[in-house]
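**Student:** This is the content of structure_33.cif (mmCIF, C-alpha atoms):
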```cif
data_work
loop_
_atom_site.label_atom_id
_atom_site.label_comp_id
_atom_site.auth_asym_id
_atom_site.auth_seq_id
_atom_site.Cartn_x
_atom_site.Cartn_y
_atom_site.Cartn_z
CA ALA A 1 -10.03 71.44 67.87
CA PRO A 2 -8.08 74.04 65.88
CA ALA A 3 -9.43 74.67 62.41
CA VAL A 4 -7.85 75.37 59.04
CA LEU A 5 -9.29 76.77 55.84
CA ALA A 6 -9.79 74.26 53.06
CA LEU A 7 -11.20 74.45 49.55
CA ILE A 8 -13.95 71.93 48.96
CA GLN A 9 -16.01 71.08 45.91
CA VAL A 10 -19.70 71.87 46.09
CA ASP A 11 -22.51 71.62 43.60
CA SER A 12 -23.10 74.77 41.55
CA ALA A 13 -26.67 74.78 42.78
CA TYR A 14 -25.44 75.39 46.34
CA GLY A 15 -26.69 78.97 46.25
CA ASP A 16 -25.45 82.50 45.88
CA SER A 17 -24.59 83.20 49.52
CA GLU A 18 -20.89 82.40 49.15
CA MET A 19 -18.59 85.42 49.35
CA GLU A 20 -15.56 83.63 47.84
CA VAL A 21 -15.79 81.09 45.04
CA MET A 22 -13.07 79.52 42.88
CA TYR A 23 -13.58 77.53 39.69
CA ARG A 24 -10.86 74.99 38.93
CA GLY A 25 -11.06 72.29 36.29
CA GLY A 26 -14.78 72.87 35.89
CA ASN A 27 -15.37 72.42 39.63
CA ARG A 28 -16.83 75.08 41.92
CA LEU A 29 -14.82 75.44 45.15
CA VAL A 30 -15.67 77.38 48.30
CA ARG A 31 -13.86 77.96 51.58
CA ARG A 32 -14.73 75.86 54.61
CA TYR A 33 -13.12 75.33 57.99
CA THR A 34 -12.02 71.78 58.72
CA GLU A 35 -10.29 70.25 61.72
CA SER A 36 -6.56 70.90 61.74
CA PRO A 37 -4.27 67.86 61.47
CA GLY A 38 -1.80 69.66 63.73
CA ILE A 39 1.17 71.98 63.36
CA PRO A 40 3.54 70.64 60.71
CA SER A 41 7.32 71.17 60.63
CA PRO A 42 9.05 73.57 59.99
CA MET A 43 6.42 75.95 61.37
CA VAL A 44 7.73 75.35 64.90
CA SER A 45 11.33 74.45 65.67
CA GLU A 46 11.50 71.62 68.17
CA SER A 47 13.40 71.93 71.46
CA THR A 48 14.22 69.24 74.00
CA SER A 49 15.23 71.39 76.96
CA MET A 50 14.70 74.77 78.56
CA LEU A 51 15.89 77.47 76.18
CA ASP A 52 18.68 79.69 77.49
CA GLY A 53 17.53 82.89 75.83
CA ALA A 54 14.49 85.15 75.97
CA VAL A 55 11.04 84.89 74.50
CA VAL A 56 9.72 88.35 73.66
CA ILE A 57 5.95 88.67 74.10
CA THR A 58 4.49 91.85 72.64
CA GLY A 59 1.15 92.85 74.10
CA GLY A 60 2.62 91.06 77.09
CA LEU A 61 0.48 92.86 79.67
CA GLY A 62 -2.78 92.09 77.88
CA GLY A 63 -5.01 89.12 78.57
CA LEU A 64 -3.65 86.74 75.94
CA GLY A 65 -0.09 87.93 76.50
CA LEU A 66 -0.21 87.13 80.21
CA LEU A 67 -2.03 83.86 79.57
CA THR A 68 0.81 82.90 77.23
CA ALA A 69 3.47 83.95 79.73
CA LYS A 70 1.89 81.88 82.50
CA LEU A 71 1.82 78.82 80.26
CA LEU A 72 5.46 79.27 79.20
CA VAL A 73 6.46 79.48 82.87
CA GLU A 74 4.56 76.26 83.61
CA MET A 75 6.30 74.59 80.67
CA ARG A 76 9.70 76.01 81.70
CA PHE A 77 10.04 76.90 78.05
CA ALA A 78 12.76 79.57 78.34
CA ARG A 79 14.89 81.14 81.05
CA HIS A 80 13.68 84.66 80.28
CA LEU A 81 10.27 86.01 79.36
CA VAL A 82 10.12 89.63 78.24
CA LEU A 83 6.66 91.14 78.49
CA VAL A 84 6.51 94.14 76.18
CA SER A 85 3.83 96.79 76.46
CA ARG A 86 3.40 100.22 74.91
CA SER A 87 1.99 101.70 78.12
CA GLY A 88 3.94 99.61 80.62
CA ARG A 89 0.68 98.88 82.43
CA VAL A 90 -1.78 96.00 82.52
CA SER A 91 -4.19 96.59 79.66
CA HIS A 92 -7.68 95.58 80.80
CA GLY A 93 -9.23 95.99 84.23
CA GLY A 94 -11.60 93.44 85.70
CA GLN A 95 -9.85 90.39 84.24
CA GLY A 96 -7.55 89.71 87.19
CA LEU A 97 -4.49 90.57 85.12
CA GLU A 98 -2.78 92.55 87.87
CA GLY A 99 -2.76 89.41 90.01
CA ASP A 100 -1.47 87.37 87.08
CA LEU A 101 1.46 89.74 86.61
CA GLU A 102 2.24 89.73 90.32
CA GLN A 103 2.23 85.93 90.31
CA LEU A 104 4.49 85.80 87.25
CA GLN A 105 7.04 88.00 89.00
CA GLY A 106 6.82 86.00 92.24
CA GLU A 107 8.97 83.45 94.00
CA ARG A 108 7.37 80.41 92.35
CA THR A 109 8.46 81.63 88.90
CA ARG A 110 12.00 82.23 90.10
CA ALA A 111 12.05 78.79 91.73
CA LEU A 112 11.34 77.29 88.31
CA GLY A 113 14.42 79.05 86.95
CA VAL A 114 12.48 81.60 84.93
CA SER A 115 12.87 85.37 85.12
CA VAL A 116 10.14 87.70 83.90
CA HIS A 117 11.02 91.16 82.62
CA VAL A 118 8.58 93.98 81.80
CA LEU A 119 9.72 96.47 79.16
CA GLN A 120 7.93 99.44 77.67
CA CYS A 121 8.06 99.83 73.89
CA ASP A 122 5.89 101.08 71.04
CA VAL A 123 6.42 98.21 68.61
CA SER A 124 4.86 100.19 65.75
CA ASP A 125 8.09 102.26 65.80
CA GLU A 126 10.85 100.39 63.95
CA ARG A 127 13.70 102.15 65.75
CA ALA A 128 12.08 101.34 69.09
CA VAL A 129 11.86 97.67 68.10
CA VAL A 130 15.55 97.59 67.16
CA SER A 131 16.44 99.19 70.51
CA LEU A 132 14.19 96.75 72.38
CA LEU A 133 15.79 93.70 70.79
CA GLU A 134 19.28 95.02 71.47
CA GLN A 135 18.36 95.51 75.13
CA VAL A 136 16.96 91.98 75.36
CA ARG A 137 20.12 90.51 73.82
CA THR A 138 22.28 92.49 76.25
CA GLU A 139 20.30 91.54 79.35
CA CYS A 140 19.21 88.00 78.47
CA GLY A 141 21.92 86.69 76.18
CA ASN A 142 19.86 86.15 73.04
CA VAL A 143 16.37 86.22 71.59
CA CYS A 144 15.08 82.67 71.12
CA GLY A 145 11.42 83.39 70.47
CA VAL A 146 8.87 86.03 69.53
CA ILE A 147 5.18 85.90 70.35
CA HIS A 148 3.40 88.86 68.83
CA ALA A 149 0.20 89.44 70.79
CA ALA A 150 0.06 93.24 70.49
CA GLY A 151 -2.91 94.95 68.89
CA VAL A 152 -5.46 97.72 69.21
CA LEU A 153 -9.08 98.10 68.14
CA ARG A 154 -10.30 101.24 66.38
CA ASP A 155 -13.58 100.03 64.97
CA GLY A 156 -15.33 102.11 62.36
CA LEU A 157 -17.38 101.68 59.21
CA LEU A 158 -16.03 102.45 55.74
CA ARG A 159 -19.01 104.67 55.09
CA GLY A 160 -18.27 108.13 56.40
CA GLY A 161 -14.53 107.50 56.68
CA ALA A 162 -14.52 106.28 60.29
CA ALA A 163 -12.50 103.19 59.41
CA ALA A 164 -9.73 105.24 57.82
CA LYS A 165 -9.27 107.40 60.92
CA GLY A 166 -8.03 104.52 63.06
CA PHE A 167 -6.30 102.52 60.33
CA ASP A 168 -2.72 103.67 61.03
CA GLN A 169 -2.97 102.77 64.71
CA VAL A 170 -4.46 99.34 64.02
CA TRP A 171 -1.98 98.55 61.23
CA GLY A 172 1.01 99.80 63.20
CA ALA A 173 0.29 97.83 66.36
CA LYS A 174 -0.51 94.60 64.56
CA ALA A 175 0.99 94.42 61.05
CA ALA A 176 3.93 96.83 60.79
CA SER A 177 5.22 95.72 64.18
CA ALA A 178 5.15 92.05 63.12
CA HIS A 179 7.20 92.96 60.05
CA TYR A 180 9.76 94.79 62.18
CA LEU A 181 10.03 91.89 64.63
CA SER A 182 10.54 89.41 61.79
CA LYS A 183 12.99 91.67 59.93
CA HIS A 184 15.18 92.43 62.93
CA THR A 185 15.42 88.88 64.30
CA THR A 186 16.78 87.30 61.13
CA GLY A 187 20.18 86.94 62.82
CA ASP A 188 18.72 85.30 65.93
CA ASP A 189 18.28 81.56 66.34
CA LEU A 190 14.53 81.73 66.86
CA ARG A 191 12.86 78.55 68.06
CA VAL A 192 9.38 80.03 67.84
CA PHE A 193 7.76 82.94 66.02
CA VAL A 194 4.04 83.15 66.72
CA CYS A 195 1.63 85.83 65.54
CA PHE A 196 -1.71 86.29 67.26
CA SER A 197 -4.04 86.89 64.35
CA SER A 198 -7.83 86.97 64.54
CA ILE A 199 -10.75 85.06 63.11
CA THR A 200 -11.85 88.43 61.66
CA ALA A 201 -9.17 87.93 59.00
CA ALA A 202 -11.25 85.02 57.71
CA VAL A 203 -14.89 85.87 58.43
CA GLY A 204 -14.84 89.62 59.01
CA ASN A 205 -16.77 91.57 61.63
CA PRO A 206 -18.78 94.79 61.26
CA GLY A 207 -16.57 97.83 61.75
CA GLN A 208 -13.33 95.84 61.80
CA CYS A 209 -12.09 96.07 58.22
CA ALA A 210 -8.79 97.61 59.36
CA TYR A 211 -8.34 95.00 62.07
CA GLY A 212 -9.19 92.17 59.67
CA ALA A 213 -6.72 93.46 57.07
CA ALA A 214 -3.92 93.82 59.65
CA ASN A 215 -4.47 90.28 60.87
CA ALA A 216 -4.56 88.93 57.32
CA PHE A 217 -1.13 90.52 56.89
CA LEU A 218 0.14 88.45 59.85
CA ASP A 219 -1.09 85.28 58.18
CA GLY A 220 0.74 86.22 54.97
CA LEU A 221 3.92 87.15 56.85
CA VAL A 222 4.01 83.75 58.52
CA GLU A 223 3.36 82.00 55.20
CA GLU A 224 6.37 83.83 53.77
CA ARG A 225 8.55 82.86 56.76
CA VAL A 226 7.60 79.21 56.49
CA ALA A 227 8.26 79.26 52.74
CA ARG A 228 11.79 80.44 53.55
CA GLY A 229 12.23 77.55 55.98
CA GLU A 230 11.91 79.74 59.09
CA CYS A 231 9.72 78.94 62.05
CA GLY A 232 6.33 80.62 62.15
CA VAL A 233 2.74 80.09 63.22
CA SER A 234 -0.23 82.44 62.94
CA ILE A 235 -3.18 81.71 65.22
CA ARG A 236 -6.50 83.15 64.09
CA TRP A 237 -7.96 83.58 67.56
CA PRO A 238 -11.69 83.78 68.14
CA SER A 239 -12.71 85.56 71.33
CA VAL A 240 -11.48 83.85 74.51
CA VAL A 241 -14.04 83.91 77.30
CA GLY A 242 -13.16 86.55 79.88
CA VAL A 243 -9.75 87.36 78.37
CA GLY A 244 -8.31 90.10 76.18
CA MET A 245 -9.63 92.91 73.99
CA ALA A 246 -12.76 91.10 72.85
CA ALA A 247 -13.81 90.41 76.43
CA ALA A 248 -13.02 93.97 77.50
CA GLY A 249 -15.13 95.35 74.66
CA GLY A 250 -17.96 92.86 75.09
CA ILE A 251 -17.34 91.56 71.56
CA ASP A 252 -18.79 88.21 70.58
CA LEU A 253 -17.83 87.21 67.04
CA ASP A 254 -21.15 85.60 66.15
CA GLY A 255 -20.75 83.11 68.97
CA LEU A 256 -17.20 82.18 67.95
CA SER A 257 -15.53 81.91 71.34
CA ILE A 258 -13.41 79.39 73.18
CA SER A 259 -12.60 78.74 76.82
CA VAL A 260 -9.35 79.71 78.53
CA GLU A 261 -8.48 76.01 78.78
CA ASP A 262 -8.97 75.57 75.03
CA ALA A 263 -6.73 78.58 74.43
CA LYS A 264 -4.02 77.11 76.65
CA ASN A 265 -4.20 73.78 74.82
CA ILE A 266 -3.78 75.54 71.46
CA LEU A 267 -0.80 77.51 72.76
CA ARG A 268 0.74 74.40 74.27
CA ASP A 269 0.44 72.70 70.88
CA VAL A 270 2.05 75.62 69.10
CA VAL A 271 5.06 76.06 71.39
CA ARG A 272 5.50 72.41 72.30
CA LYS A 273 9.04 71.27 72.70
#
```
Would you write the structure of this file as C-alpha coordinates?

**Tutor:**
Amino acid sequence: APAVLALIQVDSAYGDSEMEVMYRGGNRLVRRYTESPGIPSPMVSESTSMLDGAVVITGGLGGLGLLTAKLLVEMRFARHLVLVSRSGRVSHGGQGLEGDLEQLQGERTRALGVSVHVLQCDVSDERAVVSLLEQVRTECGNVCGVIHAAGVLRDGLLRGGAAAKGFDQVWGAKAASAHYLSKHTTGDDLRVFVCFSSITAAVGNPGQCAYGAANAFLDGLVEERVARGECGVSIRWPSVVGVGMAAAGGIDLDGLSISVEDAKNILRDVVRK
(Lines of atoms letter the chains of each structure in order from A and count residues from 1; the text may use other names and numbers.)
(Lines give C-alpha, C1' and ligand atoms only; values in the text may rest on other atoms or scores of the structure.)
Protein backbone atom coordinates (compact mmCIF):
# COMPACT_ATOMS: atom_id res chain seq x y z
CA ALA A 1 0.00 0.00 0.00
CA PRO A 2 1.16 3.60 -0.49
CA ALA A 3 3.04 5.04 2.45
CA VAL A 4 3.18 8.44 4.10
CA LEU A 5 5.67 9.96 6.49
CA ALA A 6 4.50 10.28 10.07
CA LEU A 7 6.08 11.52 13.27
CA ILE A 8 5.91 8.97 16.05
CA GLN A 9 7.01 9.06 19.66
CA VAL A 10 9.84 6.75 20.63
CA ASP A 11 11.77 6.23 23.82
CA SER A 12 14.91 8.36 24.13
CA ALA A 13 16.89 5.18 24.60
CA TYR A 14 16.02 4.11 21.04
CA GLY A 15 19.57 4.77 19.89
CA ASP A 16 21.62 7.28 17.97
CA SER A 17 21.03 5.94 14.45
CA GLU A 18 18.22 8.38 13.64
CA MET A 19 19.13 11.06 11.11
CA GLU A 20 16.15 13.31 11.93
CA VAL A 21 14.78 13.82 15.43
CA MET A 22 12.26 16.34 16.77
CA TYR A 23 11.57 17.11 20.42
CA ARG A 24 8.07 18.40 21.14
CA GLY A 25 6.54 18.77 24.58
CA GLY A 26 9.32 16.70 26.10
CA ASN A 27 8.71 13.85 23.65
CA ARG A 28 11.27 12.55 21.18
CA LEU A 29 9.79 12.11 17.68
CA VAL A 30 11.30 10.41 14.63
CA ARG A 31 10.10 9.91 11.07
CA ARG A 32 8.48 6.62 10.08
CA TYR A 33 6.53 5.46 7.06
CA THR A 34 2.99 4.32 7.76
CA GLU A 35 0.25 3.07 5.47
CA SER A 36 -1.52 5.87 3.64
CA PRO A 37 -5.23 6.35 4.40
CA GLY A 38 -5.71 7.41 0.77
CA ILE A 39 -5.66 10.61 -1.25
CA PRO A 40 -7.71 13.29 0.51
CA SER A 41 -9.58 16.13 -1.20
CA PRO A 42 -8.67 18.68 -2.55
CA MET A 43 -5.45 17.02 -3.72
CA VAL A 44 -7.31 15.53 -6.71
CA SER A 45 -10.32 17.16 -8.32
CA GLU A 46 -13.04 14.61 -8.97
CA SER A 47 -14.50 14.05 -12.44
CA THR A 48 -17.51 11.97 -13.45
CA SER A 49 -16.95 11.74 -17.20
CA MET A 50 -14.27 11.79 -19.86
CA LEU A 51 -12.51 15.15 -19.79
CA ASP A 52 -12.70 17.17 -23.00
CA GLY A 53 -9.24 18.69 -22.79
CA ALA A 54 -5.66 17.45 -22.77
CA VAL A 55 -3.52 15.87 -20.11
CA VAL A 56 0.11 16.89 -20.60
CA ILE A 57 2.58 14.17 -19.58
CA THR A 58 6.18 15.36 -19.40
CA GLY A 59 8.74 12.60 -19.68
CA GLY A 60 5.97 11.06 -21.72
CA LEU A 61 8.24 8.77 -23.74
CA GLY A 62 9.92 7.32 -20.67
CA GLY A 63 8.86 4.15 -18.88
CA LEU A 64 6.62 5.71 -16.22
CA GLY A 65 5.29 8.29 -18.66
CA LEU A 66 4.13 5.63 -21.12
CA LEU A 67 2.80 3.45 -18.31
CA THR A 68 0.72 6.42 -17.17
CA ALA A 69 -0.50 7.15 -20.69
CA LYS A 70 -1.61 3.54 -21.21
CA LEU A 71 -3.56 3.61 -17.96
CA LEU A 72 -5.26 6.92 -18.82
CA VAL A 73 -6.31 5.47 -22.18
CA GLU A 74 -7.77 2.41 -20.44
CA MET A 75 -9.64 4.70 -18.04
CA ARG A 76 -10.78 6.97 -20.90
CA PHE A 77 -9.69 9.79 -18.62
CA ALA A 78 -9.33 12.55 -21.23
CA ARG A 79 -9.86 13.01 -24.95
CA HIS A 80 -6.27 14.08 -25.56
CA LEU A 81 -2.99 12.86 -24.12
CA VAL A 82 0.09 14.91 -24.94
CA LEU A 83 3.33 13.01 -24.47
CA VAL A 84 6.14 15.53 -24.07
CA SER A 85 9.78 14.60 -24.49
CA ARG A 86 12.96 16.65 -24.76
CA SER A 87 14.43 14.34 -27.41
CA GLY A 88 11.20 13.31 -29.13
CA ARG A 89 12.32 9.69 -28.88
CA VAL A 90 11.58 6.78 -26.57
CA SER A 91 13.98 7.10 -23.66
CA HIS A 92 15.13 3.61 -22.66
CA GLY A 93 15.82 0.65 -24.90
CA GLY A 94 15.04 -2.90 -23.87
CA GLN A 95 11.86 -2.07 -21.96
CA GLY A 96 9.44 -2.56 -24.85
CA LEU A 97 8.59 1.14 -24.88
CA GLU A 98 8.62 1.45 -28.67
CA GLY A 99 5.82 -1.11 -28.82
CA ASP A 100 3.93 0.71 -26.08
CA LEU A 101 4.07 3.97 -28.03
CA GLU A 102 2.96 2.25 -31.23
CA GLN A 103 0.02 0.70 -29.38
CA LEU A 104 -0.94 4.05 -27.85
CA GLN A 105 -1.08 5.63 -31.29
CA GLY A 106 -3.04 2.70 -32.76
CA GLU A 107 -6.61 2.07 -33.77
CA ARG A 108 -7.73 0.73 -30.37
CA THR A 109 -6.87 4.06 -28.71
CA ARG A 110 -8.76 6.00 -31.36
CA ALA A 111 -11.73 3.65 -30.99
CA LEU A 112 -11.89 4.62 -27.31
CA GLY A 113 -12.18 8.26 -28.34
CA VAL A 114 -8.68 9.20 -27.22
CA SER A 115 -6.03 10.89 -29.35
CA VAL A 116 -2.36 10.71 -28.42
CA HIS A 117 0.01 13.50 -29.45
CA VAL A 118 3.82 13.47 -29.20
CA LEU A 119 5.49 16.87 -28.80
CA GLN A 120 9.13 17.75 -28.35
CA CYS A 121 9.98 20.30 -25.65
CA ASP A 122 12.74 21.04 -23.17
CA VAL A 123 10.60 21.70 -20.10
CA SER A 124 13.56 23.18 -18.21
CA ASP A 125 13.19 26.20 -20.54
CA GLU A 126 10.37 28.45 -19.31
CA ARG A 127 9.70 30.02 -22.71
CA ALA A 128 9.50 26.56 -24.26
CA VAL A 129 6.95 25.51 -21.63
CA VAL A 130 4.80 28.57 -22.34
CA SER A 131 4.94 27.81 -26.08
CA LEU A 132 4.11 24.14 -25.45
CA LEU A 133 1.04 24.95 -23.38
CA GLU A 134 -0.18 27.47 -25.95
CA GLN A 135 0.15 24.82 -28.67
CA VAL A 136 -1.78 22.29 -26.58
CA ARG A 137 -4.58 24.78 -25.94
CA THR A 138 -4.77 25.59 -29.65
CA GLU A 139 -4.81 21.97 -30.82
CA CYS A 140 -6.74 20.32 -27.99
CA GLY A 141 -9.03 23.03 -26.66
CA ASN A 142 -7.68 23.29 -23.13
CA VAL A 143 -5.25 21.82 -20.63
CA CYS A 144 -7.14 19.78 -18.03
CA GLY A 145 -4.24 17.97 -16.40
CA VAL A 146 -0.49 17.86 -15.93
CA ILE A 147 1.52 14.79 -15.01
CA HIS A 148 5.16 15.70 -14.55
CA ALA A 149 7.23 12.56 -15.06
CA ALA A 150 10.31 14.20 -16.61
CA GLY A 151 13.71 13.84 -15.00
CA VAL A 152 17.37 13.02 -15.56
CA LEU A 153 20.04 11.35 -13.46
CA ARG A 154 23.51 12.86 -13.11
CA ASP A 155 24.81 10.98 -10.11
CA GLY A 156 27.92 12.21 -8.38
CA LEU A 157 29.35 12.54 -4.90
CA LEU A 158 29.71 15.87 -3.11
CA ARG A 159 33.35 15.14 -2.48
CA GLY A 160 35.36 16.26 -5.47
CA GLY A 161 32.55 18.40 -6.88
CA ALA A 162 31.00 15.72 -9.11
CA ALA A 163 27.52 16.37 -7.74
CA ALA A 164 27.69 20.06 -8.61
CA LYS A 165 28.56 19.38 -12.25
CA GLY A 166 25.22 17.76 -13.02
CA PHE A 167 23.07 19.78 -10.63
CA ASP A 168 21.66 22.27 -13.16
CA GLN A 169 20.51 19.51 -15.49
CA VAL A 170 18.87 17.51 -12.70
CA TRP A 171 17.21 20.58 -11.15
CA GLY A 172 16.04 21.93 -14.49
CA ALA A 173 14.42 18.72 -15.70
CA LYS A 174 12.70 17.95 -12.42
CA ALA A 175 12.23 21.02 -10.21
CA ALA A 176 12.36 24.18 -12.35
CA SER A 177 10.14 22.56 -14.97
CA ALA A 178 7.52 21.65 -12.35
CA HIS A 179 7.48 25.28 -11.21
CA TYR A 180 6.99 26.49 -14.79
CA LEU A 181 4.17 24.01 -15.40
CA SER A 182 2.40 25.07 -12.21
CA LYS A 183 2.97 28.79 -12.83
CA HIS A 184 1.73 28.78 -16.41
CA THR A 185 -1.40 26.66 -15.86
CA THR A 186 -2.93 28.87 -13.17
CA GLY A 187 -5.56 30.02 -15.68
CA ASP A 188 -6.46 26.48 -16.73
CA ASP A 189 -9.15 24.41 -15.06
CA LEU A 190 -6.83 21.60 -14.04
CA ARG A 191 -8.47 18.43 -12.77
CA VAL A 192 -5.17 16.79 -11.92
CA PHE A 193 -1.63 17.97 -11.25
CA VAL A 194 0.69 15.09 -10.41
CA CYS A 195 4.44 15.25 -9.81
CA PHE A 196 6.54 12.11 -10.04
CA SER A 197 8.90 12.52 -7.12
CA SER A 198 11.24 9.85 -5.78
CA ILE A 199 11.79 7.94 -2.57
CA THR A 200 15.31 9.43 -2.64
CA ALA A 201 13.73 12.68 -1.40
CA ALA A 202 12.95 10.85 1.84
CA VAL A 203 15.71 8.27 2.34
CA GLY A 204 18.49 9.48 0.06
CA ASN A 205 20.74 7.37 -2.15
CA PRO A 206 24.53 7.53 -2.61
CA GLY A 207 25.46 9.99 -5.35
CA GLN A 208 21.93 11.36 -5.73
CA CYS A 209 21.95 14.47 -3.55
CA ALA A 210 20.94 16.67 -6.50
CA TYR A 211 18.19 14.26 -7.53
CA GLY A 212 16.92 13.99 -3.96
CA ALA A 213 16.85 17.78 -3.55
CA ALA A 214 14.99 18.27 -6.86
CA ASN A 215 12.38 15.71 -5.88
CA ALA A 216 11.98 17.25 -2.43
CA PHE A 217 11.19 20.51 -4.24
CA LEU A 218 8.33 18.74 -6.05
CA ASP A 219 6.89 17.62 -2.73
CA GLY A 220 7.04 21.19 -1.42
CA LEU A 221 5.50 22.61 -4.61
CA VAL A 222 2.54 20.27 -4.30
CA GLU A 223 2.13 21.13 -0.61
CA GLU A 224 1.95 24.80 -1.59
CA ARG A 225 -0.62 24.09 -4.33
CA VAL A 226 -2.83 22.11 -1.97
CA ALA A 227 -2.57 24.85 0.66
CA ARG A 228 -3.94 27.26 -1.97
CA GLY A 229 -6.86 24.90 -2.64
CA GLU A 230 -5.48 23.70 -5.98
CA CYS A 231 -5.26 20.08 -7.02
CA GLY A 232 -1.91 18.38 -6.55
CA VAL A 233 -0.31 15.07 -5.68
CA SER A 234 3.37 14.16 -5.41
CA ILE A 235 4.22 10.47 -5.65
CA ARG A 236 7.56 9.47 -4.13
CA TRP A 237 8.20 6.55 -6.44
CA PRO A 238 10.53 3.73 -5.50
CA SER A 239 12.00 1.82 -8.43
CA VAL A 240 9.39 0.05 -10.57
CA VAL A 241 10.54 -3.37 -11.75
CA GLY A 242 11.62 -3.25 -15.39
CA VAL A 243 10.42 0.32 -15.97
CA GLY A 244 12.03 3.75 -16.16
CA MET A 245 15.38 5.31 -15.28
CA ALA A 246 16.08 3.13 -12.26
CA ALA A 247 15.58 -0.04 -14.30
CA ALA A 248 17.68 1.31 -17.17
CA GLY A 249 20.51 2.14 -14.77
CA GLY A 250 20.23 -1.07 -12.77
CA ILE A 251 19.43 0.97 -9.65
CA ASP A 252 17.88 -0.80 -6.68
CA LEU A 253 17.11 1.59 -3.83
CA ASP A 254 18.03 -0.80 -1.03
CA GLY A 255 15.39 -3.24 -2.19
CA LEU A 256 12.68 -0.57 -2.36
CA SER A 257 10.89 -1.59 -5.54
CA ILE A 258 7.33 -2.29 -6.61
CA SER A 259 5.73 -4.20 -9.45
CA VAL A 260 4.22 -2.62 -12.56
CA GLU A 261 0.78 -3.68 -11.32
CA ASP A 262 1.36 -1.93 -7.99
CA ALA A 263 2.43 1.19 -9.87
CA LYS A 264 -0.74 1.11 -11.98
CA ASN A 265 -2.89 0.73 -8.88
CA ILE A 266 -1.23 3.77 -7.29
CA LEU A 267 -1.74 5.82 -10.45
CA ARG A 268 -5.34 4.69 -10.74
CA ASP A 269 -5.91 5.85 -7.15
CA VAL A 270 -4.33 9.21 -7.83
CA VAL A 271 -6.21 10.06 -11.03
CA ARG A 272 -9.45 8.33 -10.15
CA LYS A 273 -12.56 10.05 -11.34

**Student:** Which residue is closest to Leu51 (chain A)? Choose from A:Leu132, A:Phe193, A:Val143, A:Gly65 and count all atoms listed in the file.

**Tutor:**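 Once distances to Leu51 (chain A) are computed over all atoms listed in the file, the minimum belongs to A:Val143.
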
**Student:** What residues come out when you apply the PyMOL selection byres ((chain A and resi 115-129) around 6) to this file, written as a list in words?

**Tutor:**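 When the PyMOL selection byres ((chain A and resi 115-129) around 6) is applied to the shown file, the picked residues are His80, Leu81, Val82, Leu83, Val84, Ser85, Arg86, Gly88, Gln105, Arg110, Val114, Val130, Ser131, Leu132, Gly172, Ala173, Ser177 and Tyr180 of chain A.
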
**Student:** Selection in question (the file shown): the PyMOL selection byres ((chain A and resi 55) around 9). Which residues does it include, as a list in words?

**Tutor:**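 Residues picked by the PyMOL selection byres ((chain A and resi 55) around 9): Gly53, Ala54, Val56, Ile57, Phe77, Ala78, Arg79, His80, Leu81, Val82, Leu83, Val143, Cys144, Gly145, Val146, Ile147, Leu190 and Val192 of chain A.
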
**Student:** One decimal, Å: what's the distance from CA of Val271 (chain A) over to CA of Thr138 (chain A), could you say?

**Tutor:**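 Computed distance, CA of Val271 (chain A) to CA of Thr138 (chain A), equals 24.3 Å.
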
**Student:** For the atom pair CA of Arg31 (chain A) and CA of Asn215 (chain A), what is the interatomic distance in Å to one decimal place?

**Tutor:**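 Taking CA of Arg31 (chain A) as the start and CA of Asn215 (chain A) as the end point, the length is 18.1 Å.
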
**Student:** Kindly give the distance, in Å, that separates CA of Val226 (chain A) and CA of Ala213 (chain A), rounded to a single decimal.

**Tutor:**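 Calculated distance between CA of Val226 (chain A) and CA of Ala213 (chain A) is 20.2 Å.
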
**Student:** Kindly indicate which residue among A:Thr109, A:Ser49, A:Ser197, A:Thr68 lies nearest to Ala178 (chain A), using only C-alpha atoms for the distances.

**Tutor:**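 Result for the nearest residue to Ala178 (chain A): A:Ser197.
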
**Student:** Grab all the atoms of region 208-214 of chain A that the file lists, wrap them in a box along x, y and z, add 4 Å per side, and give me centre plus edge lengths in Å (one decimal) as JSON.

**Tutor:**
```
{"center_x": -8.6, "center_y": 94.9, "center_z": 59.6, "size_x": 17.4, "size_y": 13.4, "size_z": 13.0}
```

**Student:** Identify which of the residues A:Val30, A:Val170, A:Val73, A:Val270 lies closest to Cys231 (chain A), counting only C-alpha atoms when measuring atom-to-atom distances.

**Tutor:**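 When distances to Cys231 (chain A) are compared using only C-alpha atoms, the smallest one comes from A:Val270.
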
**Student:** Using all atoms listed in the file, which of A:Leu72, A:Val194, A:Ala149, A:Ala202 sits nearest Gly59 (chain A)?

**Tutor:**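 Of all the options, A:Ala149 lies closest to Gly59 (chain A).
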
**Student:** Please determine, counting all atoms listed in the file, which residue among A:Val260, A:Leu97, A:Leu267, A:Val136 has the shortest atom-to-atom distance to Asp188 (chain A).

**Tutor:** A:Val136

**Student:** Of the candidates A:Gly242, A:Phe217, A:Arg272, A:Gly25, which one gets nearest to Ser259 (chain A) if we count only C-alpha atoms?

**Tutor:**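 Using only C-alpha atoms, Ser259 (chain A) sits closest to A:Gly242.
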